[in-house]
>>> print(open('protein-v4.txt').read())   # compact mmCIF, C-alpha atoms
# COMPACT_ATOMS: atom_id res chain seq x y z
CA MET A 1 17.01 31.66 -136.78
CA GLN A 2 17.90 29.03 -134.28
CA TYR A 3 15.51 27.18 -132.05
CA LEU A 4 17.41 24.93 -129.79
CA ALA A 5 14.97 22.81 -127.97
CA ALA A 6 14.91 20.72 -124.88
CA VAL A 7 17.46 20.21 -122.24
CA ALA A 8 20.43 22.20 -123.39
CA ILE A 9 18.96 25.52 -124.35
CA GLU A 10 21.54 28.08 -125.46
CA THR A 11 24.26 25.51 -125.63
CA PRO A 12 26.81 26.10 -128.36
CA ARG A 13 27.05 23.75 -131.29
CA VAL A 14 30.28 22.16 -130.06
CA GLU A 15 28.44 20.68 -127.12
CA THR A 16 25.90 19.15 -129.41
CA ASP A 17 28.60 16.89 -130.76
CA LEU A 18 29.90 16.28 -127.26
CA ASP A 19 26.42 15.36 -126.06
CA LEU A 20 25.93 13.04 -128.98
CA ALA A 21 29.37 11.56 -128.37
CA ARG A 22 28.48 10.87 -124.74
CA ALA A 23 25.19 9.28 -125.69
CA SER A 24 26.99 7.20 -128.32
CA ALA A 25 29.53 6.09 -125.76
CA ALA A 26 26.59 4.88 -123.65
CA GLY A 27 25.59 2.64 -126.54
CA ASP A 28 23.00 4.88 -128.15
CA THR A 29 23.33 4.12 -131.85
CA ALA A 30 20.67 6.66 -132.82
CA ALA A 31 22.83 9.41 -131.35
CA PHE A 32 25.77 7.96 -133.21
CA GLU A 33 23.79 7.96 -136.41
CA GLN A 34 23.16 11.65 -135.93
CA LEU A 35 26.88 12.23 -135.55
CA TYR A 36 27.36 10.26 -138.74
CA ARG A 37 24.77 12.35 -140.59
CA GLN A 38 26.47 15.53 -139.50
CA HIS A 39 30.03 14.54 -140.35
CA HIS A 40 30.09 11.79 -142.93
CA ARG A 41 30.35 14.05 -145.95
CA ARG A 42 33.43 15.83 -144.63
CA VAL A 43 35.06 12.54 -143.73
CA PHE A 44 34.19 10.94 -147.05
CA SER A 45 35.37 13.98 -149.03
CA LEU A 46 38.69 13.97 -147.22
CA CYS A 47 39.16 10.24 -147.87
CA LEU A 48 38.11 10.62 -151.50
CA ARG A 49 40.52 13.44 -152.19
CA MET A 50 43.43 11.73 -150.52
CA LEU A 51 42.77 8.31 -152.06
CA GLY A 52 41.31 9.35 -155.39
CA ASN A 53 39.05 6.30 -155.52
CA PRO A 54 35.40 6.37 -154.42
CA THR A 55 35.19 2.69 -153.47
CA GLU A 56 38.30 2.83 -151.33
CA ALA A 57 37.11 6.13 -149.90
CA GLU A 58 33.81 4.55 -148.82
CA ASP A 59 35.60 1.59 -147.26
CA LEU A 60 37.85 3.92 -145.36
CA THR A 61 34.97 6.16 -144.30
CA GLN A 62 33.34 3.04 -142.90
CA ASP A 63 36.53 2.13 -141.04
CA VAL A 64 36.75 5.64 -139.64
CA PHE A 65 33.22 5.59 -138.24
CA VAL A 66 33.54 2.08 -136.87
CA GLN A 67 36.74 3.13 -135.14
CA LEU A 68 35.05 6.33 -134.02
CA PHE A 69 32.26 4.34 -132.39
CA ARG A 70 34.77 2.22 -130.51
CA LYS A 71 36.87 5.14 -129.37
CA ILE A 72 34.17 7.68 -128.81
CA GLY A 73 34.27 7.23 -125.05
CA SER A 74 37.75 8.71 -125.10
CA PHE A 75 36.53 11.98 -126.59
CA ARG A 76 36.52 14.37 -123.67
CA GLY A 77 35.68 17.55 -125.49
CA GLU A 78 39.04 19.25 -125.01
CA SER A 79 39.16 19.97 -128.71
CA ALA A 80 36.33 20.44 -131.16
CA PHE A 81 34.80 17.17 -132.19
CA THR A 82 35.42 17.91 -135.87
CA THR A 83 39.12 18.48 -135.20
CA TRP A 84 39.31 15.18 -133.36
CA LEU A 85 37.38 13.29 -136.02
CA HIS A 86 39.32 14.74 -138.94
CA ARG A 87 42.59 13.96 -137.27
CA MET A 88 41.39 10.40 -136.80
CA THR A 89 40.44 10.32 -140.49
CA VAL A 90 43.83 11.56 -141.64
CA ASN A 91 45.56 8.99 -139.46
CA GLN A 92 43.36 6.29 -140.91
CA VAL A 93 44.24 7.33 -144.46
CA LEU A 94 47.95 7.46 -143.69
CA MET A 95 47.76 4.06 -142.03
CA HIS A 96 45.99 2.77 -145.12
CA PHE A 97 48.84 4.06 -147.28
CA ARG A 98 51.34 2.32 -145.04
CA LYS A 99 49.39 -0.94 -145.05
CA ARG A 100 49.28 -0.97 -148.80
CA ASN A 101 52.95 -0.21 -148.69
CA VAL A 102 52.38 2.99 -150.53
CA ARG A 103 55.15 5.29 -149.55
CA PRO A 104 53.79 8.79 -149.19
CA GLU A 105 56.65 9.55 -151.59
CA LEU A 106 57.60 12.65 -149.80
CA THR A 107 60.90 13.06 -151.49
CA THR A 108 63.57 15.49 -150.58
CA ASP A 109 63.28 18.95 -151.97
CA ASP A 110 64.55 18.00 -155.39
CA GLY A 111 61.73 15.55 -155.83
CA GLU A 112 60.24 14.30 -159.00
CA LEU A 113 58.00 17.23 -159.69
CA PRO A 114 59.88 19.80 -161.70
CA VAL A 115 58.32 23.21 -161.50
CA THR A 116 57.98 24.90 -164.82
CA ILE A 117 59.46 28.33 -164.62
CA GLU A 118 57.89 30.99 -166.73
CA VAL A 119 60.09 33.85 -167.76
CA GLY A 120 59.43 37.45 -168.67
CA THR A 121 59.49 37.01 -172.40
CA ASP A 122 56.67 34.46 -172.33
CA LYS A 123 53.23 35.76 -172.92
CA PRO A 124 51.55 35.39 -169.55
CA SER A 125 48.89 32.73 -169.89
CA ARG A 126 46.19 33.32 -167.40
CA MET A 127 44.68 30.23 -165.85
CA PRO A 128 40.97 29.91 -166.63
CA ILE A 129 38.30 30.40 -164.00
CA VAL A 130 38.79 27.60 -161.51
CA ASP A 131 35.81 25.29 -161.70
CA HIS A 132 35.39 22.68 -159.03
CA ILE A 133 35.29 19.67 -161.29
CA ALA A 134 38.49 20.59 -163.13
CA LEU A 135 40.16 21.36 -159.82
CA GLU A 136 39.16 18.00 -158.32
CA ARG A 137 40.46 16.23 -161.38
CA ALA A 138 43.75 18.09 -161.21
CA ILE A 139 44.13 17.23 -157.52
CA GLY A 140 43.55 13.60 -158.47
CA GLU A 141 46.36 13.77 -161.00
CA LEU A 142 48.95 14.88 -158.44
CA PRO A 143 51.44 12.27 -157.22
CA LYS A 144 50.21 10.95 -153.87
CA GLY A 145 52.63 12.72 -151.58
CA TYR A 146 52.00 16.09 -153.14
CA ARG A 147 48.31 15.43 -153.11
CA THR A 148 48.38 14.60 -149.41
CA VAL A 149 50.10 17.85 -148.51
CA PHE A 150 47.90 19.87 -150.85
CA VAL A 151 44.64 18.37 -149.55
CA LEU A 152 45.69 18.74 -145.93
CA HIS A 153 46.83 22.33 -146.30
CA ASP A 154 44.70 23.97 -148.96
CA VAL A 155 41.50 21.93 -148.72
CA GLU A 156 41.44 20.96 -145.05
CA GLY A 157 43.24 23.96 -143.63
CA TYR A 158 46.01 22.25 -141.64
CA GLU A 159 49.16 24.23 -140.82
CA HIS A 160 52.56 23.11 -142.05
CA GLU A 161 53.68 22.32 -138.50
CA GLU A 162 50.84 19.87 -138.04
CA ILE A 163 51.29 18.35 -141.49
CA GLY A 164 54.97 17.90 -140.74
CA ARG A 165 54.13 16.08 -137.52
CA MET A 166 51.55 13.84 -139.15
CA LEU A 167 53.72 12.91 -142.10
CA GLY A 168 57.03 12.90 -140.30
CA VAL A 169 58.62 15.54 -142.49
CA THR A 170 60.04 18.97 -141.86
CA VAL A 171 58.03 22.15 -142.21
CA GLY A 172 60.31 23.15 -145.06
CA THR A 173 59.53 19.97 -146.98
CA SER A 174 55.82 20.42 -146.43
CA LYS A 175 56.02 23.99 -147.72
CA SER A 176 58.02 23.07 -150.76
CA GLN A 177 55.73 20.14 -151.61
CA LEU A 178 52.74 22.41 -151.31
CA HIS A 179 54.22 24.98 -153.65
CA LYS A 180 55.07 22.34 -156.22
CA ALA A 181 51.60 20.85 -155.93
CA ARG A 182 49.99 24.24 -156.50
CA MET A 183 52.20 25.00 -159.49
CA ARG A 184 51.42 21.58 -160.95
CA ILE A 185 47.70 22.06 -160.52
CA ARG A 186 47.94 25.44 -162.16
CA THR A 187 49.72 23.87 -165.12
CA LEU A 188 47.15 21.08 -165.30
CA LEU A 189 44.25 23.52 -165.27
CA ASP A 190 45.98 25.68 -167.84
CA LYS A 191 46.67 22.67 -170.04
CA LYS A 192 43.05 21.57 -169.87
CA SER A 193 41.91 24.94 -171.04
CA SER A 194 44.45 25.16 -173.85
CA ASP A 195 43.40 21.66 -174.96
CA ASN A 196 39.87 22.96 -175.08
CA ARG A 197 40.95 25.97 -177.06
CA GLU A 198 42.64 23.72 -179.58
CA VAL A 199 39.54 21.61 -179.87
CA GLN A 200 37.48 24.69 -180.46
CA ALA A 201 39.90 26.11 -183.05
CA MET B 2 67.10 37.85 -158.80
CA ALA B 3 65.50 35.82 -161.57
CA CYS B 4 61.81 35.08 -162.01
CA ALA B 5 62.43 31.46 -161.02
CA ASN B 6 63.45 32.48 -157.51
CA PHE B 7 60.55 34.84 -157.12
CA GLN B 8 58.11 32.22 -158.33
CA ASP B 9 59.44 29.79 -155.75
CA GLN B 10 58.47 32.28 -153.06
CA LEU B 11 54.93 32.86 -154.24
CA SER B 12 53.27 30.22 -152.05
CA ASP B 13 54.97 31.45 -148.90
CA PHE B 14 54.11 34.98 -149.96
CA LEU B 15 50.42 34.14 -150.37
CA ASP B 16 50.35 32.16 -147.12
CA GLY B 17 51.86 35.09 -145.26
CA GLU B 18 54.97 33.11 -144.40
CA LEU B 19 57.57 35.19 -146.21
CA ALA B 20 60.03 37.24 -144.18
CA ALA B 21 59.53 40.99 -144.44
CA ASN B 22 62.67 41.55 -146.44
CA ASP B 23 61.87 38.88 -149.02
CA ARG B 24 58.33 40.08 -149.22
CA GLN B 25 59.36 43.61 -150.07
CA ASN B 26 61.72 42.39 -152.78
CA LEU B 27 59.03 40.18 -154.24
CA GLU B 28 56.46 42.96 -154.16
CA ARG B 29 58.87 45.22 -155.98
CA HIS B 30 59.43 42.55 -158.61
CA LEU B 31 55.71 41.94 -159.02
CA ARG B 32 55.15 45.59 -159.86
CA THR B 33 57.28 45.18 -162.95
CA CYS B 34 56.77 41.53 -163.98
CA SER B 35 53.45 40.58 -165.51
CA VAL B 36 54.35 36.88 -165.73
CA CYS B 37 55.01 36.47 -162.02
CA THR B 38 51.98 38.63 -161.25
CA THR B 39 49.81 36.35 -163.34
CA ILE B 40 51.11 33.31 -161.53
CA ARG B 41 50.52 34.96 -158.18
CA ASP B 42 46.94 35.75 -159.15
CA ASP B 43 46.39 32.21 -160.45
CA LEU B 44 47.70 30.67 -157.25
CA ALA B 45 45.58 33.01 -155.16
CA ARG B 46 42.47 31.91 -157.04
CA LEU B 47 43.52 28.30 -156.78
CA ILE B 48 43.94 28.59 -153.02
CA ALA B 49 40.56 30.27 -152.63
CA ALA B 50 38.84 27.64 -154.77
CA SER B 51 40.50 24.77 -152.91
CA ALA B 52 39.30 26.05 -149.56
CA ASN B 53 35.75 26.09 -150.86
CA LEU B 54 35.40 22.80 -152.66
CA PRO B 55 31.95 21.30 -152.27
CA LEU B 56 31.57 18.13 -150.22
CA HIS B 57 31.03 14.73 -151.75
CA THR B 58 28.36 12.32 -150.58
CA PRO B 59 28.99 8.61 -150.19
CA SER B 60 26.42 5.99 -151.09
CA PRO B 61 23.36 6.02 -148.84
CA ALA B 62 24.03 2.34 -148.08
CA LEU B 63 27.18 3.22 -146.18
CA TRP B 64 25.41 3.89 -142.90
CA ALA B 65 23.74 0.49 -143.00
CA ASN B 66 27.16 -1.15 -143.33
CA ILE B 67 28.54 0.83 -140.43
CA GLU B 68 25.49 0.11 -138.31
CA ARG B 69 25.83 -3.60 -138.99
CA GLU B 70 29.46 -3.55 -138.00
CA ILE B 71 29.05 -1.60 -134.80
CA GLY B 72 25.83 -3.42 -133.97
CA ALA B 73 27.68 -6.69 -133.49
CA GLY B 74 29.62 -5.58 -130.46
CA ARG B 75 27.00 -3.24 -129.13
CA VAL B 76 25.83 -3.28 -125.57
CA ALA B 77 22.05 -3.39 -125.50
CA ALA B 78 20.82 0.06 -124.71
CA GLY B 79 18.19 -0.06 -122.03
CA PRO B 80 16.03 2.67 -120.58
CA ALA B 81 19.07 4.20 -118.94
CA ALA B 82 20.46 5.00 -122.35
CA TRP B 83 17.27 6.83 -123.24
CA TRP B 84 17.44 8.83 -120.07
CA ASN B 85 21.04 9.69 -120.81
CA ARG B 86 20.14 10.68 -124.24
CA LEU B 87 17.26 12.93 -123.37
CA SER B 88 19.19 14.64 -120.68
CA ALA B 89 22.43 14.76 -122.62
CA ARG B 90 21.23 16.02 -125.90
CA HIS B 91 19.24 18.72 -127.51
CA TYR B 92 17.43 18.99 -130.76
CA ASP B 93 18.35 21.40 -133.43
CA PHE B 94 15.36 22.59 -135.35
CA SER B 95 17.20 25.10 -137.42
CA ILE B 96 17.80 24.52 -141.07
CA SER B 97 20.39 26.81 -142.51
CA ALA B 98 20.28 28.50 -145.85
CA ARG B 99 22.95 26.10 -147.04
CA GLN B 100 20.84 23.10 -146.15
CA LEU B 101 17.97 24.74 -147.97
CA VAL B 102 20.08 24.97 -151.09
CA ALA B 103 21.14 21.37 -150.63
CA ALA B 104 17.51 20.39 -150.24
CA ALA B 105 16.66 22.10 -153.49
CA ALA B 106 19.49 20.31 -155.22
CA THR B 107 18.90 16.83 -153.92
CA VAL B 108 15.62 16.57 -151.98
CA THR B 109 16.99 13.85 -149.76
CA VAL B 110 16.77 15.54 -146.42
CA ALA B 111 17.65 12.90 -143.90
CA VAL B 112 14.65 10.75 -144.54
CA GLY B 113 16.55 7.69 -143.48
CA ALA B 114 17.02 8.99 -139.96
CA PHE B 115 13.43 8.36 -139.03
CA TRP B 116 13.69 4.66 -138.80
CA ALA B 117 11.56 4.44 -135.72
CA ILE B 118 8.34 5.11 -137.53
CA GLN B 119 7.19 2.74 -140.16
CA ILE B 120 4.12 3.51 -142.12
CA ALA B 121 2.29 0.46 -143.35
CA SER B 122 -0.21 2.28 -145.41
CA PRO B 123 -0.40 1.60 -149.09
CA ASN B 124 -4.11 0.96 -148.89
CA ALA B 125 -7.29 2.45 -147.63
CA LEU B 126 -6.63 2.62 -143.91
CA PRO B 127 -3.10 3.59 -143.09
CA THR B 128 -1.83 2.64 -139.68
CA LEU B 129 0.95 3.93 -137.57
CA ASP B 130 3.25 1.27 -136.26
CA VAL B 131 5.44 2.82 -133.65
CA ASN B 132 8.39 0.67 -132.91
CA TRP B 133 8.12 0.83 -129.15
CA ASN B 134 10.18 -2.18 -128.41
CA SER B 135 13.23 -1.71 -130.52
CA MET B 136 15.50 -0.35 -127.82
CA GLY B 137 14.20 -1.49 -124.47
CA GLY B 138 13.34 -4.86 -125.80
CA THR B 139 11.01 -5.84 -122.98
CA SER B 140 8.44 -3.10 -122.87
CA SER B 141 4.93 -4.45 -122.76
CA GLN B 142 3.39 -1.19 -123.86
CA GLY B 143 3.06 -2.12 -127.48
CA VAL B 144 0.82 0.55 -128.86
CA GLN B 145 0.53 -0.53 -132.43
CA ALA B 146 -1.65 -0.07 -135.41
CA VAL B 147 -3.12 3.22 -134.28
CA PRO B 148 -5.62 4.23 -136.94
CA LEU B 149 -4.93 7.62 -138.38
CA ALA B 150 -7.40 10.40 -138.00
CA HIS B 151 -6.13 12.36 -140.96
CA VAL B 152 -6.17 10.08 -143.91
CA ALA B 153 -8.45 12.05 -146.16
CA SER B 154 -5.74 14.17 -147.67
CA ASN B 155 -3.16 12.63 -149.87
CA ASP B 156 -0.82 15.36 -148.86
CA GLU B 157 2.34 14.27 -147.04
CA ILE B 158 2.33 17.32 -144.79
CA ALA B 159 -1.21 16.61 -143.64
CA ARG B 160 -0.27 13.00 -143.07
CA LEU B 161 2.67 13.93 -140.88
CA ARG B 162 0.52 16.45 -139.06
CA GLY B 163 -1.87 13.60 -138.33
CA LEU B 164 0.91 11.43 -136.99
CA VAL B 165 2.05 14.25 -134.74
CA ASP B 166 -1.48 14.62 -133.33
CA GLU B 167 -1.77 10.89 -132.72
CA MET B 168 1.51 10.69 -130.92
CA THR B 169 0.82 13.82 -128.90
CA ALA B 170 -2.43 12.26 -127.70
CA THR B 171 -0.71 8.99 -126.87
CA ILE B 172 1.95 10.77 -124.84
CA ALA B 173 -0.62 12.93 -123.06
CA SER B 174 -2.42 9.81 -121.84
CA SER B 175 0.71 8.39 -120.24
CA GLN B 176 2.23 11.53 -118.83
CA SER B 177 0.84 11.23 -115.33
CA ASN B 178 3.88 9.52 -113.81
CA TRP B 179 6.42 11.88 -115.35
CA SER B 180 8.56 14.01 -113.12
CA SER B 181 7.95 17.73 -113.32
CA GLU B 182 11.40 18.13 -114.80
CA LEU B 183 10.65 15.74 -117.61
CA LYS B 184 7.30 17.38 -118.21
CA SER B 185 8.85 20.80 -118.50
CA THR B 186 11.52 19.45 -120.83
CA TYR B 187 8.79 17.92 -122.94
CA LEU B 188 6.81 21.14 -123.12
CA LYS B 189 9.86 23.20 -123.99
CA SER B 190 10.88 20.77 -126.71
CA VAL B 191 7.43 20.68 -128.22
CA ALA B 192 7.20 24.47 -128.13
CA ALA B 193 10.50 24.79 -129.94
CA ALA B 194 9.48 22.21 -132.51
CA ASP B 195 6.17 24.00 -133.05
CA ALA B 196 7.89 27.34 -133.41
CA ARG B 197 10.16 25.83 -136.02
CA ILE B 198 7.23 24.29 -137.87
CA ALA B 199 5.31 27.56 -137.80
CA GLU B 200 8.30 29.39 -139.19
CA VAL B 201 8.93 27.04 -142.09
CA GLU B 202 5.23 26.76 -142.87
CA ARG B 203 5.05 30.53 -143.10
CA ALA B 204 8.00 30.53 -145.46
CA HIS B 205 6.40 27.75 -147.47
CA ALA B 206 3.11 29.65 -147.69
CA VAL B 207 4.83 32.82 -148.91
CA ALA B 208 7.00 31.15 -151.53
CA PRO B 209 6.07 27.51 -152.03
CA SER B 210 8.65 25.35 -153.74
CA ASP B 211 9.77 21.74 -153.58
CA ALA B 212 12.62 22.80 -151.34
CA SER B 213 10.45 24.74 -148.90
CA ARG B 214 8.00 21.83 -148.81
CA GLU B 215 10.85 19.48 -148.03
CA VAL B 216 11.94 21.76 -145.20
CA VAL B 217 8.42 21.72 -143.78
CA LEU B 218 8.39 17.93 -144.00
CA ALA B 219 11.76 17.77 -142.30
CA ALA B 220 10.47 19.95 -139.47
CA TYR B 221 7.49 17.66 -138.96
CA ARG B 222 9.66 14.57 -139.08
CA GLU B 223 12.00 16.07 -136.53
CA LYS B 224 9.07 16.72 -134.25
CA LEU B 225 7.87 13.16 -134.79
CA ARG B 226 11.27 11.87 -133.87
CA LEU B 227 11.21 13.93 -130.71
CA LEU B 228 7.72 12.72 -129.82
CA ASP B 229 8.74 9.17 -130.51
CA GLU B 230 11.54 9.42 -128.00
CA PHE B 231 9.28 10.88 -125.34
CA ALA B 232 6.78 8.14 -126.09
CA ARG B 233 9.44 5.53 -125.51
CA LEU B 234 10.41 7.21 -122.33
CA ALA B 235 6.79 7.29 -121.23
CA SER B 236 6.48 3.55 -121.74
CA GLU B 237 9.78 2.82 -120.05
CA ALA B 238 9.09 5.12 -117.11
CA ARG B 239 6.33 2.81 -115.94
CA PRO B 240 6.99 0.33 -113.18
CA PRO B 241 8.88 -2.59 -114.68
CA ALA B 242 6.09 -5.03 -113.92
CA ALA B 243 6.50 -6.76 -117.22
CA LYS B 244 10.05 -7.84 -116.44
>>> encode(input="protein-v4.txt", output="structure tokens")
Amino acid sequence: MQYLAAVAIETPRVETDLDLARASAAGDTAAFEQLYRQHHRRVFSLCLRMLGNPTEAEDLTQDVFVQLFRKIGSFRGESAFTTWLHRMTVNQVLMHFRKRNVRPELTTDDGELPVTIEVGTDKPSRMPIVDHIALERAIGELPKGYRTVFVLHDVEGYEHEEIGRMLGVTVGTSKSQLHKARMRIRTLLDKKSSDNREVQA
Amino acid sequence: MACANFQDQLSDFLDGELAANDRQNLERHLRTCSVCTTIRDDLARLIAASANLPLHTPSPALWANIEREIGAGRVAAGPAAWWNRLSARHYDFSISARQLVAAAATVTVAVGAFWAIQIASPNALPTLDVNWNSMGGTSSQGVQAVPLAHVASNDEIARLRGLVDEMTATIASSQSNWSSELKSTYLKSVAAADARIAEVERAHAVAPSDASREVVLAAYREKLRLLDEFARLASEARPPAAK
């Protein structure tokens, strides 16, 4: 049950963020803190998955919110606040990659990740139940470019068109990287479980 | 076509991005190939799991760092900012089932947000030190060290209830120069906060747990935060004689 109190009764959630953004733009740090409380976990999780390093992810989360505070006056509410903030986060991560001179290593289609093809005579090995921890670890083991596309598409829900624009690659490249990333994760998860089976045997 | 080609199409297939013709060919192949079917099922589960990964939480110290950094260039927020805030914002007293689960898992429900109220009360007579001056900076209405009426119980809920009563009384005594609009906003807010408190207290009474207790505490703290803001406003709404 929802009890929305005070001034903006029956106002949808989106406007809550807009209201807080306006108050923040007026210098109200308590309103900004509330925005932080509502969004910091999503921002941090995105940074962590793309960077794979908690310390760096915290530094970047800090940068994102500091930048957010400075730019918040330019949020006009045309899009959802979360969309705006996540886009800002992705840009910040990509800029971080560029600053560190880390090429997003988005190679051409015949990139360095060979996809293992399974053929009909193999006994189909079914991947174990996907548990979150194993999945996170497998994402962390992906080469950075593949990881970026995978996190943006499968974890964050971006479309290939948008990913292509953000990374400066074609839709086709984004799709092919995603497929290779998924196949690699599947192999990694499968390998983990077969390692475990061997240990148990 | 070989399995390799079909496997290359599986992601597009699962994302609904395969052309009708290719899709039909692939579907036909899947009916007869258990290997490709297994891979399709694996990828489908992988996609579903990836879309539902739990969120990670950074160190609690992170906000303090951010606050320090943005504080440096911050324009002092005067009474106008409080007006903006009260008229631009609403309070959300709902706590979703997901937050309830999170509360049960971590019992750290936003305690840090209630910085405005500092309890200096390790000993016999706890006092409430409301930080009236932190935003306006020049208010002369320093109401400090209000003795608490409800100190008998060691119970945190009773303590918060006591704080709420104290602050309600303080606000009531300075409400006379409020506009009718502000008064009605105040009454509506308090009613919503009380409704929320009543609801979570009922739930807590029916099935008491650490999590439900934490939710009750959170509801009281939220009301305190609300009262604190109205109290500030009350002090700042007075003629600026002190300036």
>>> atom_distance(input="protein-v4.txt", atom1="atom CA of B:Ala50", atom2="atom CA of A:Leu189")
12.5 Å
>>> atom_distance(input="protein-v4.txt", atom1="atom CA of A:Ile72", atom2="atom CA of A:Gln92")
15.3 Å
>>> atom_distance(input="protein-v4.txt", atom1="atom CA of A:Phe97", atom2="atom CA of A:Ser45")
16.8 Å
>>> residues_around(input="protein-v4.txt", residues="A:Glu33", least_positions_apart="4", cutoff="9 Å", atoms="all atoms listed in the file", output="list in words")
Ser24, Asp28, Thr29, Arg37 and Gln38 of chain A; Trp64, Glu68 and Ala114 of chain B
>>> residues_around(input="protein-v4.txt", residues="A:Leu18", least_positions_apart="6", cutoff="8 Å", atoms="only C-alpha atoms", output="mmCIF file with C-alpha atoms, keeping the file's coordinate frame")
data_model
loop_
_atom_site.group_PDB
_atom_site.id
_atom_site.type_symbol
_atom_site.label_atom_id
_atom_site.label_comp_id
_atom_site.auth_asym_id
_atom_site.auth_seq_id
_atom_site.Cartn_x
_atom_site.Cartn_y
_atom_site.Cartn_z
ATOM 1 C CA PHE A 75 36.530 11.980 -126.590
ATOM 2 C CA ARG A 76 36.520 14.370 -123.670
ATOM 3 C CA GLY A 77 35.680 17.550 -125.490
ATOM 4 C CA PHE A 81 34.800 17.170 -132.190
#
>>> residues_around(input="protein-v4.txt", residues="A:Ile185", least_positions_apart="3", cutoff="10 Å", atoms="only C-alpha atoms", output="JSON, numbers by chain")
{"A": [134, 135, 136, 137, 138, 139, 140, 141, 142, 147, 150, 179, 180, 181, 182, 188, 189, 190, 191], "B": [44, 47]}
>>> closest_residue(input="protein-v4.txt", among="B:His205, B:Arg197, B:Arg222, B:Arg29", to="chain A", atoms="only C-alpha atoms")
B:Arg197
>>> residues_around(input="protein-v4.txt", residues="B:Ile158", least_positions_apart="3", cutoff="9 Å", atoms="all atoms listed in the file", output="VMD selection string")
chain B and resid 155 161 to 163 214 217 to 218 221
>>> axis_aligned_box(input="protein-v4.txt", around="stretch 158-167 of chain B", padding_each_side="3 Å", output="JSON")
{"center_x": 0.4, "center_y": 14.1, "center_z": -138.8, "size_x": 10.5, "size_y": 12.4, "size_z": 18.1}
>>> closest_residue(input="protein-v4.txt", among="B:Ala193, B:Ala159, B:Ala199, B:Ile172", to="chain A", atoms="only C-alpha atoms")
B:Ala193
>>> closest_residue(input="protein-v4.txt", among="A:Gly172, A:Val64, A:Arg42, A:Tyr146", to="A:Arg184", atoms="all atoms listed in the file")
A:Tyr146
>>> residues_around(input="protein-v4.txt", residues="B:His30", least_positions_apart="6", cutoff="12 Å", atoms="all atoms listed in the file", output="PyMOL selection string")
(chain A and resi 120) or (chain B and resi 2-8+10-11+23-24+36-38+41)
